[in-house]
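**Q** This is the structure I want to talk about, given as structure tokens.
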Amino acid sequence: MFKIITEREAADLIKDGDCIAVNSFLALSNPEALHDALYERFAATGSPKNLRLFCAAGFGAWDENRFADRYINAGAVREIIAGHYNSMPSAKRKATAGEIEAYCLPLGALSHSIRAAAAGKDWLLSDVGIGIYCDPRIDTYALNDISTKELVQLREFEGKEYLLYSTPKIDIAFIKGTTVDPNGNISFEKEYLTVDALPLAQATKRNGGKVIVQVERVSHEFSRPRNVIVPGILVDAVVVVENTGDTGEYNPTLSGDIHVPSSHMDYFINKLSTTKNKKVKAGDQTADIIGERAARELRPGHIVNIGIGTSEMVGKYASQQGILKDVHITVEAGGVGGLPAPGVAFGATIGADMICDMATQFDFYDGGGLDICFLGGLEADMHGNVNAHKLADSYSGIGGFANITHSTKTIVFCMSFTTKGLIATKQNGNVSILQEGTLPKFKRDISAISFSGRNAVKRGQQVLYVTERCVFELTEKGLALKEVYPGIDAERDILGMLDFELS
């Protein structure tokens, strides 16, 4: 039977060494009051310590003074398994410094592993990850030398290669909902996402753990059964924290209380005050040039995924080009229809038709449901491989990238040709490179493989690399130059800057 308790009483349920699984997608649906209570208990008593954190996505807001980053920085955590680290500055810093064990695996595989754990399985079998960094033959999913757990194994079955992903053993589930009813049933009416709340609660109970839920309100009326996300039979404790929001003031266009037609998307995107945008140099139109060109790959009826960063511009130009109403955009966090919210609100959807569990969305993605996706990249090589998760001095994490690119029919990478100082403009249809970047992004050798060009060729996927000056395409022999923009000198601005030969 569930109990309504205080934040501190919830924190007292956690023991040294516990594995806490957080049901969140970056800052969204993240139970901040539970994190704060845990930090305050640790700061006062030094316990609980040696905690292990698990989250299919990441669980931060790019702020070391919020969410789990507070007690990670204070020293309460010894291990993290997550799909993304860039939103968690304390976690990323400690992981790259080798102060905590840290592992990064594909978001979709981690999401599916929660569901497998709920069914009592020790391993998840998947072909996502073959040929990229998490394949034990290729690289490592560990962020440092002290992280030595074997979380992935290679297997072959009926002539096909697979990866076996270890499933989590969860002691504590941190979940955020909106309302608890008299039976302890949890509904999510003001949440932008459900993430994987139900399978996470199931997996926790399967392991004999405790499910702690933060809600905004207590209702004396019973919930409509279809509105219940986590049933009371799975809930141990409820903490009531009134008037909370994921990234600021509650936004009804993200929860679905207000449905937004495509004709109003630009207005509501501009109203979002929760975005965290990369600073753009004055006069630089690089992202706009890339977004406008990439959006021209959209066709009526396409089912689409649009990533964060430069690729966000595709949505803007799809709207301006009038094709947004004719395509169906999805977000890996669960949104179907509408338009992905930008910045800190990424993962939410403006005007969604449906918001499903994250694992369900990845079922669709892994099964080839996407017609086209638009994603960023840190660097690409002559074979069409793309690194989207780490550089020598930085580790962002893979997120949903590996699953999204695994079976999508057409993949469009939106990435500048160079970086660090690049300024490009477009006037009267002509592109000018006013200042060249100091670091190339297309090179013979890259730091890591997040996407395998070889696998894509085998699967028959069409792959484009849209930059601010040209478009490359993937062929059986590697990268080829498909298109040079007006105003660009192919030899000077492209070929002469590559350290490899195009196919």
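Residue numbering restarts at 1 for every chain of the structure tokens, chains are lettered A, B, ... in their displayed order, and ligands are numbered from 1 as they appear.
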At a cut-off of 8 Å, using only C-alpha atoms, what residues contact Glu7 in chain A? Leave out same-chain residues fewer than 3 positions from it and give the result as a list in words.

**A**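 Final neighbour list, sorted by chain and number: Ala10, Ala11, Ala33, Leu34, Ala37 and Val239 of chain A.
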
**Q** Next, write the just-selected residues to a file, as a PDB file, in the first residue's frame, keeping C-alpha atoms as the atom set.

**A**
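Final file, part29.pdb:
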ATOM      1  CA  ALA A  10      11.589   9.527   0.658  1.00  0.00           C
ATOM      2  CA  ALA A  11      15.324  10.167   0.773  1.00  0.00           C
ATOM      3  CA  ALA A  33      12.278  17.438  -5.415  1.00  0.00           C
ATOM      4  CA  LEU A  34      13.446  13.841  -4.949  1.00  0.00           C
ATOM      5  CA  ALA A  37      16.021  15.720  -0.870  1.00  0.00           C
ATOM      6  CA  VAL A 239       5.781  12.894  -2.458  1.00  0.00           C
TER       7      VAL A 239
END

**Q** If you count only C-alpha atoms, which residues fall within 10 Å of Lys409 in chain A, apart from same-chain ones fewer than 6 positions away, as a list in words?

**A**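 Answer for this query is Gly368, Gly369, Leu370, Asp371, Ile372, Cys373, Ala456, Arg459, Gly460, Gln461, Gln462 and Val463 of chain A.
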
**Q** Could you list, as number ranges by chain, every residue within 7 Å of Leu164 in chain A, counting only C-alpha atoms and ignoring same-chain residues fewer than 2 positions away?

**A** A: 123-126, 152-155, 162, 166

**Q** Please produce a file of the residues just selected, as a compact mmCIF listing (two decimals), in the first residue's frame, where the atoms kept are N, CA, C and O atoms.

**A**
# COMPACT_ATOMS: atom_id res chain seq x y z
N TRP A 123 19.17 -10.27 -19.91
CA TRP A 123 19.82 -9.72 -21.10
C TRP A 123 18.77 -9.31 -22.13
O TRP A 123 17.69 -9.89 -22.20
N LEU A 124 19.15 -8.31 -22.94
CA LEU A 124 18.35 -7.89 -24.09
C LEU A 124 19.14 -8.19 -25.35
O LEU A 124 20.31 -7.82 -25.47
N LEU A 125 18.52 -8.86 -26.31
CA LEU A 125 19.16 -9.18 -27.59
C LEU A 125 18.75 -8.16 -28.63
O LEU A 125 17.57 -7.92 -28.84
N SER A 126 19.73 -7.53 -29.29
CA SER A 126 19.44 -6.49 -30.28
C SER A 126 20.57 -6.43 -31.30
O SER A 126 21.73 -6.67 -30.96
N VAL A 152 27.93 -5.49 -22.39
CA VAL A 152 27.55 -5.87 -23.74
C VAL A 152 28.39 -7.06 -24.18
O VAL A 152 29.60 -7.08 -23.98
N GLN A 153 27.74 -8.04 -24.78
CA GLN A 153 28.43 -9.20 -25.33
C GLN A 153 27.99 -9.44 -26.76
O GLN A 153 26.84 -9.17 -27.12
N LEU A 154 28.91 -9.94 -27.58
CA LEU A 154 28.61 -10.24 -28.98
C LEU A 154 28.09 -11.68 -29.09
O LEU A 154 28.63 -12.59 -28.47
N ARG A 155 27.03 -11.86 -29.87
CA ARG A 155 26.48 -13.19 -30.09
C ARG A 155 26.11 -13.35 -31.58
O ARG A 155 25.83 -12.39 -32.27
N TYR A 162 24.43 -10.20 -33.21
CA TYR A 162 23.63 -9.43 -32.27
C TYR A 162 24.51 -8.98 -31.11
O TYR A 162 25.59 -9.53 -30.87
N SER A 166 23.14 -6.10 -20.99
CA SER A 166 22.76 -6.43 -19.62
C SER A 166 21.57 -5.58 -19.19
O SER A 166 21.51 -4.39 -19.50

**Q** Name all residues at most 7 Å from His84 in chain A (count only C-alpha atoms; drop same-chain ones fewer than 3 positions away) and give them as a PDB file with N, CA, C and O atoms, in the first residue's frame.

**A**
ATOM      1  N   ALA A  57      17.889   7.816 -20.945  1.00  0.00           N
ATOM      2  CA  ALA A  57      18.336   9.082 -21.526  1.00  0.00           C
ATOM      3  C   ALA A  57      19.335   9.711 -20.553  1.00  0.00           C
ATOM      4  O   ALA A  57      20.050   9.018 -19.848  1.00  0.00           O
ATOM      5  N   GLY A  58      19.415  11.006 -20.515  1.00  0.00           N
ATOM      6  CA  GLY A  58      20.171  11.702 -19.485  1.00  0.00           C
ATOM      7  C   GLY A  58      19.200  12.257 -18.460  1.00  0.00           C
ATOM      8  O   GLY A  58      17.986  12.201 -18.649  1.00  0.00           O
ATOM      9  N   CYS A 104      28.159   4.476 -21.338  1.00  0.00           N
ATOM     10  CA  CYS A 104      27.191   5.105 -22.235  1.00  0.00           C
ATOM     11  C   CYS A 104      26.781   4.094 -23.304  1.00  0.00           C
ATOM     12  O   CYS A 104      27.622   3.591 -24.049  1.00  0.00           O
ATOM     13  N   SER A 396      29.696  13.749 -25.183  1.00  0.00           N
ATOM     14  CA  SER A 396      28.287  14.119 -25.113  1.00  0.00           C
ATOM     15  C   SER A 396      27.399  12.904 -24.868  1.00  0.00           C
ATOM     16  O   SER A 396      26.417  12.979 -24.133  1.00  0.00           O
ATOM     17  N   GLY A 397      27.748  11.780 -25.466  1.00  0.00           N
ATOM     18  CA  GLY A 397      26.918  10.584 -25.344  1.00  0.00           C
ATOM     19  C   GLY A 397      26.116  10.338 -26.601  1.00  0.00           C
ATOM     20  O   GLY A 397      25.891  11.235 -27.410  1.00  0.00           O
ATOM     21  N   ILE A 398      25.650   9.113 -26.769  1.00  0.00           N
ATOM     22  CA  ILE A 398      25.031   8.680 -28.015  1.00  0.00           C
ATOM     23  C   ILE A 398      23.557   9.047 -28.104  1.00  0.00           C
ATOM     24  O   ILE A 398      23.027   9.277 -29.197  1.00  0.00           O
ATOM     25  N   GLY A 399      22.835   9.089 -26.980  1.00  0.00           N
ATOM     26  CA  GLY A 399      21.408   9.359 -27.021  1.00  0.00           C
ATOM     27  C   GLY A 399      20.673   8.370 -27.918  1.00  0.00           C
ATOM     28  O   GLY A 399      21.012   7.193 -27.988  1.00  0.00           O
TER      29      GLY A 399
END

**Q** With distances taken over only C-alpha atoms, which of A:His112, A:Arg296, A:Arg226, A:Arg492 is nearest to Asp366 in chain A?

**A**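 Smallest separation from Asp366 in chain A among the options: A:His112.
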
**Q** Near Gly129 in chain A, within 9 Å and counting only C-alpha atoms, which residues show up once chain neighbours fewer than 2 positions away are dropped, as a list of chain:residue names?

**A**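 So, after excluding close chain neighbours, the residues are A:Leu105, A:Pro106, A:Ala109, A:Ser126, A:Asp127, A:Gly131, A:Ile132, A:Tyr133, A:Cys134, A:Asp135, A:Tyr162, A:Leu163, A:Ala402, A:Asn403, A:His406, A:Ser450, A:Phe451.
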
**Q** Take the residues just selected and output them with N, CA, C and O atoms as an mmCIF file, in the first residue's frame.

**A**
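Saved the output as again01.cif:
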data_model
loop_
_atom_site.group_PDB
_atom_site.id
_atom_site.type_symbol
_atom_site.label_atom_id
_atom_site.label_comp_id
_atom_site.auth_asym_id
_atom_site.auth_seq_id
_atom_site.Cartn_x
_atom_site.Cartn_y
_atom_site.Cartn_z
ATOM 1 N N LEU A 105 25.494 3.798 -23.365
ATOM 2 C CA LEU A 105 24.953 2.848 -24.332
ATOM 3 C C LEU A 105 23.789 3.484 -25.081
ATOM 4 O O LEU A 105 23.214 4.474 -24.621
ATOM 5 N N PRO A 106 23.420 2.937 -26.247
ATOM 6 C CA PRO A 106 22.339 3.534 -27.024
ATOM 7 C C PRO A 106 21.048 3.673 -26.220
ATOM 8 O O PRO A 106 20.627 2.739 -25.523
ATOM 9 N N ALA A 109 18.372 0.984 -26.719
ATOM 10 C CA ALA A 109 18.728 -0.297 -26.110
ATOM 11 C C ALA A 109 18.525 -0.243 -24.601
ATOM 12 O O ALA A 109 18.032 -1.208 -23.993
ATOM 13 N N SER A 126 19.730 -7.531 -29.292
ATOM 14 C CA SER A 126 19.436 -6.493 -30.283
ATOM 15 C C SER A 126 20.566 -6.425 -31.295
ATOM 16 O O SER A 126 21.734 -6.672 -30.964
ATOM 17 N N ASP A 127 20.225 -6.083 -32.536
ATOM 18 C CA ASP A 127 21.283 -5.852 -33.526
ATOM 19 C C ASP A 127 21.657 -4.376 -33.615
ATOM 20 O O ASP A 127 22.545 -4.003 -34.381
ATOM 21 N N GLY A 131 28.828 -2.886 -35.137
ATOM 22 C CA GLY A 131 29.688 -2.101 -36.019
ATOM 23 C C GLY A 131 29.979 -0.694 -35.573
ATOM 24 O O GLY A 131 30.676 0.049 -36.277
ATOM 25 N N ILE A 132 29.453 -0.298 -34.390
ATOM 26 C CA ILE A 132 29.765 1.035 -33.877
ATOM 27 C C ILE A 132 30.458 0.913 -32.525
ATOM 28 O O ILE A 132 30.811 -0.182 -32.095
ATOM 29 N N TYR A 133 30.624 2.026 -31.839
ATOM 30 C CA TYR A 133 31.504 2.093 -30.679
ATOM 31 C C TYR A 133 31.186 1.080 -29.581
ATOM 32 O O TYR A 133 32.081 0.599 -28.876
ATOM 33 N N CYS A 134 29.905 0.707 -29.387
ATOM 34 C CA CYS A 134 29.540 -0.197 -28.300
ATOM 35 C C CYS A 134 29.717 -1.664 -28.659
ATOM 36 O O CYS A 134 29.559 -2.532 -27.795
ATOM 37 N N ASP A 135 30.033 -1.949 -29.897
ATOM 38 C CA ASP A 135 30.416 -3.296 -30.320
ATOM 39 C C ASP A 135 31.795 -3.577 -29.730
ATOM 40 O O ASP A 135 32.748 -2.844 -30.010
ATOM 41 N N TYR A 162 24.430 -10.202 -33.207
ATOM 42 C CA TYR A 162 23.628 -9.426 -32.270
ATOM 43 C C TYR A 162 24.506 -8.984 -31.105
ATOM 44 O O TYR A 162 25.589 -9.529 -30.867
ATOM 45 N N LEU A 163 23.996 -8.003 -30.369
ATOM 46 C CA LEU A 163 24.602 -7.623 -29.098
ATOM 47 C C LEU A 163 23.641 -8.006 -27.972
ATOM 48 O O LEU A 163 22.429 -7.829 -28.086
ATOM 49 N N ALA A 402 21.970 6.068 -32.337
ATOM 50 C CA ALA A 402 22.240 4.741 -32.909
ATOM 51 C C ALA A 402 20.953 4.053 -33.341
ATOM 52 O O ALA A 402 20.898 3.437 -34.418
ATOM 53 N N ASN A 403 19.918 4.141 -32.528
ATOM 54 C CA ASN A 403 18.644 3.513 -32.891
ATOM 55 C C ASN A 403 17.967 4.224 -34.048
ATOM 56 O O ASN A 403 17.394 3.592 -34.940
ATOM 57 N N HIS A 406 19.580 3.339 -37.302
ATOM 58 C CA HIS A 406 19.728 1.900 -37.554
ATOM 59 C C HIS A 406 18.905 1.414 -38.746
ATOM 60 O O HIS A 406 19.418 0.653 -39.581
ATOM 61 N N SER A 450 29.815 6.415 -34.270
ATOM 62 C CA SER A 450 28.433 6.364 -33.796
ATOM 63 C C SER A 450 27.502 5.809 -34.860
ATOM 64 O O SER A 450 26.421 5.306 -34.544
ATOM 65 N N PHE A 451 27.918 5.941 -36.115
ATOM 66 C CA PHE A 451 27.147 5.479 -37.263
ATOM 67 C C PHE A 451 28.105 4.813 -38.231
ATOM 68 O O PHE A 451 29.160 5.370 -38.559
#

**Q** In Å, rounded to a single decimal, give me how far CA of Thr467 in chain A is from CA of Glu483 in chain A.

**A**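 So the answer is 10.1 Å.
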
**Q** Excluding same-chain residues fewer than 6 positions from Asp171 in chain A, what lies within 10 Å of it counting only C-alpha atoms, as a list in words?

**A**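 Here the answer would be Ile14, Lys15, Gly17, Asp18, Cys19, Ile20, Ala21, Arg52, Ala203, Thr204, Lys205, Arg206, Asn207, Gly208, Gly209, Lys210 and Val211 of chain A.
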
**Q** Per DSSP on the backbone, what are the strand (DSSP E or B) residues of range 257-478 of chain A, as a ChimeraX atom specification?

**A** /A:303-306,328-330,335-336,339-340,346,348-350,354-355,372-375,379-380,386-387,390-391,394-395,410-414,418-419,423-427,430-435,439-440,442,451,462-466,470-475,478

**Q** To one decimal in Å, tell me the separation between CA of Tyr317 in chain A and CA of Ala352 in chain A.

**A**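 Interatomic distance here is 18.7 Å.
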
**Q** Calculated over only C-alpha atoms, which of the candidates A:Glu249, A:Asp266, A:Glu468, A:Glu216 has the smallest distance to Ile186 in chain A?

**A**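 Using only C-alpha atoms, the shortest distance to Ile186 in chain A belongs to A:Glu216.
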
**Q** I'd like to know which of A:Leu143, A:Leu234, A:Ile212, A:Ala201 is closest to Lys169 in chain A, using only C-alpha atoms.

**A**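 Nearest candidate to Lys169 in chain A out of A:Leu143, A:Leu234, A:Ile212, A:Ala201: A:Ala201.
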
**Q** Tell me which of A:Arg224, A:Arg78, A:Lys316, A:Lys190 sits closest to Asp257 in chain A, counting only C-alpha atoms.

**A**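 Of the candidates, the smallest distance to Asp257 in chain A is held by A:Lys190.
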
**Q** Go ahead and compute the interatomic distance for CA of Gly334 in chain A and CA of Asp69 in chain A, in Å to one decimal.

**A**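 Computing it gives 24.9 Å between the two atoms.
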
**Q** Please report, as number ranges by chain, each residue of range 155-362 of chain A to which DSSP assigns alpha helix (DSSP H) when run on this structure's backbone.

**A** A: 197-206, 252-255, 265-271, 286-295, 313-320, 358-362

**Q** Using only C-alpha atoms, determine which residues lie at most 8 Å from range 433-435 of chain A, disregarding the query and same-chain residues fewer than 4 positions distant; provide the list as a compact mmCIF listing (two decimals) with all heavy atoms, in the first residue's frame.

**A**
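Contents of part_39.txt, as written:
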# COMPACT_ATOMS: atom_id res chain seq x y z
N GLY A 421 34.98 28.93 -35.46
CA GLY A 421 35.23 30.19 -36.16
C GLY A 421 34.54 30.33 -37.49
O GLY A 421 34.60 31.41 -38.10
N LEU A 422 33.88 29.31 -37.98
CA LEU A 422 33.23 29.38 -39.29
C LEU A 422 32.12 30.43 -39.30
O LEU A 422 31.29 30.49 -38.41
CB LEU A 422 32.63 28.02 -39.64
CG LEU A 422 31.77 27.96 -40.91
CD1 LEU A 422 32.61 28.22 -42.14
CD2 LEU A 422 31.05 26.62 -41.01
N ILE A 423 32.13 31.26 -40.33
CA ILE A 423 31.05 32.21 -40.58
C ILE A 423 30.68 32.10 -42.06
O ILE A 423 31.50 32.36 -42.94
CB ILE A 423 31.45 33.67 -40.25
CG1 ILE A 423 31.82 33.81 -38.77
CG2 ILE A 423 30.32 34.63 -40.60
CD1 ILE A 423 32.28 35.20 -38.38
N ALA A 424 29.44 31.70 -42.31
CA ALA A 424 28.94 31.57 -43.68
C ALA A 424 27.67 32.38 -43.83
O ALA A 424 26.87 32.48 -42.89
CB ALA A 424 28.68 30.10 -44.01
N THR A 425 27.48 32.95 -45.00
CA THR A 425 26.27 33.73 -45.27
C THR A 425 25.70 33.33 -46.63
O THR A 425 26.38 32.72 -47.46
CB THR A 425 26.56 35.24 -45.29
OG1 THR A 425 27.48 35.53 -46.35
CG2 THR A 425 27.14 35.69 -43.97

**Q** Pick out the closest residue to Lys390 in chain A from this set: A:Val128, A:Ala142, A:Val314, A:Val215. Count only C-alpha atoms.

**A** A:Ala142

**Q** Which one is closest to Ile170 in chain A: A:Ser147, A:Leu495, A:Ser263, A:Leu53? Count only C-alpha atoms.

**A**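 Ranked by minimum distance to Ile170 in chain A, first place goes to A:Leu53.
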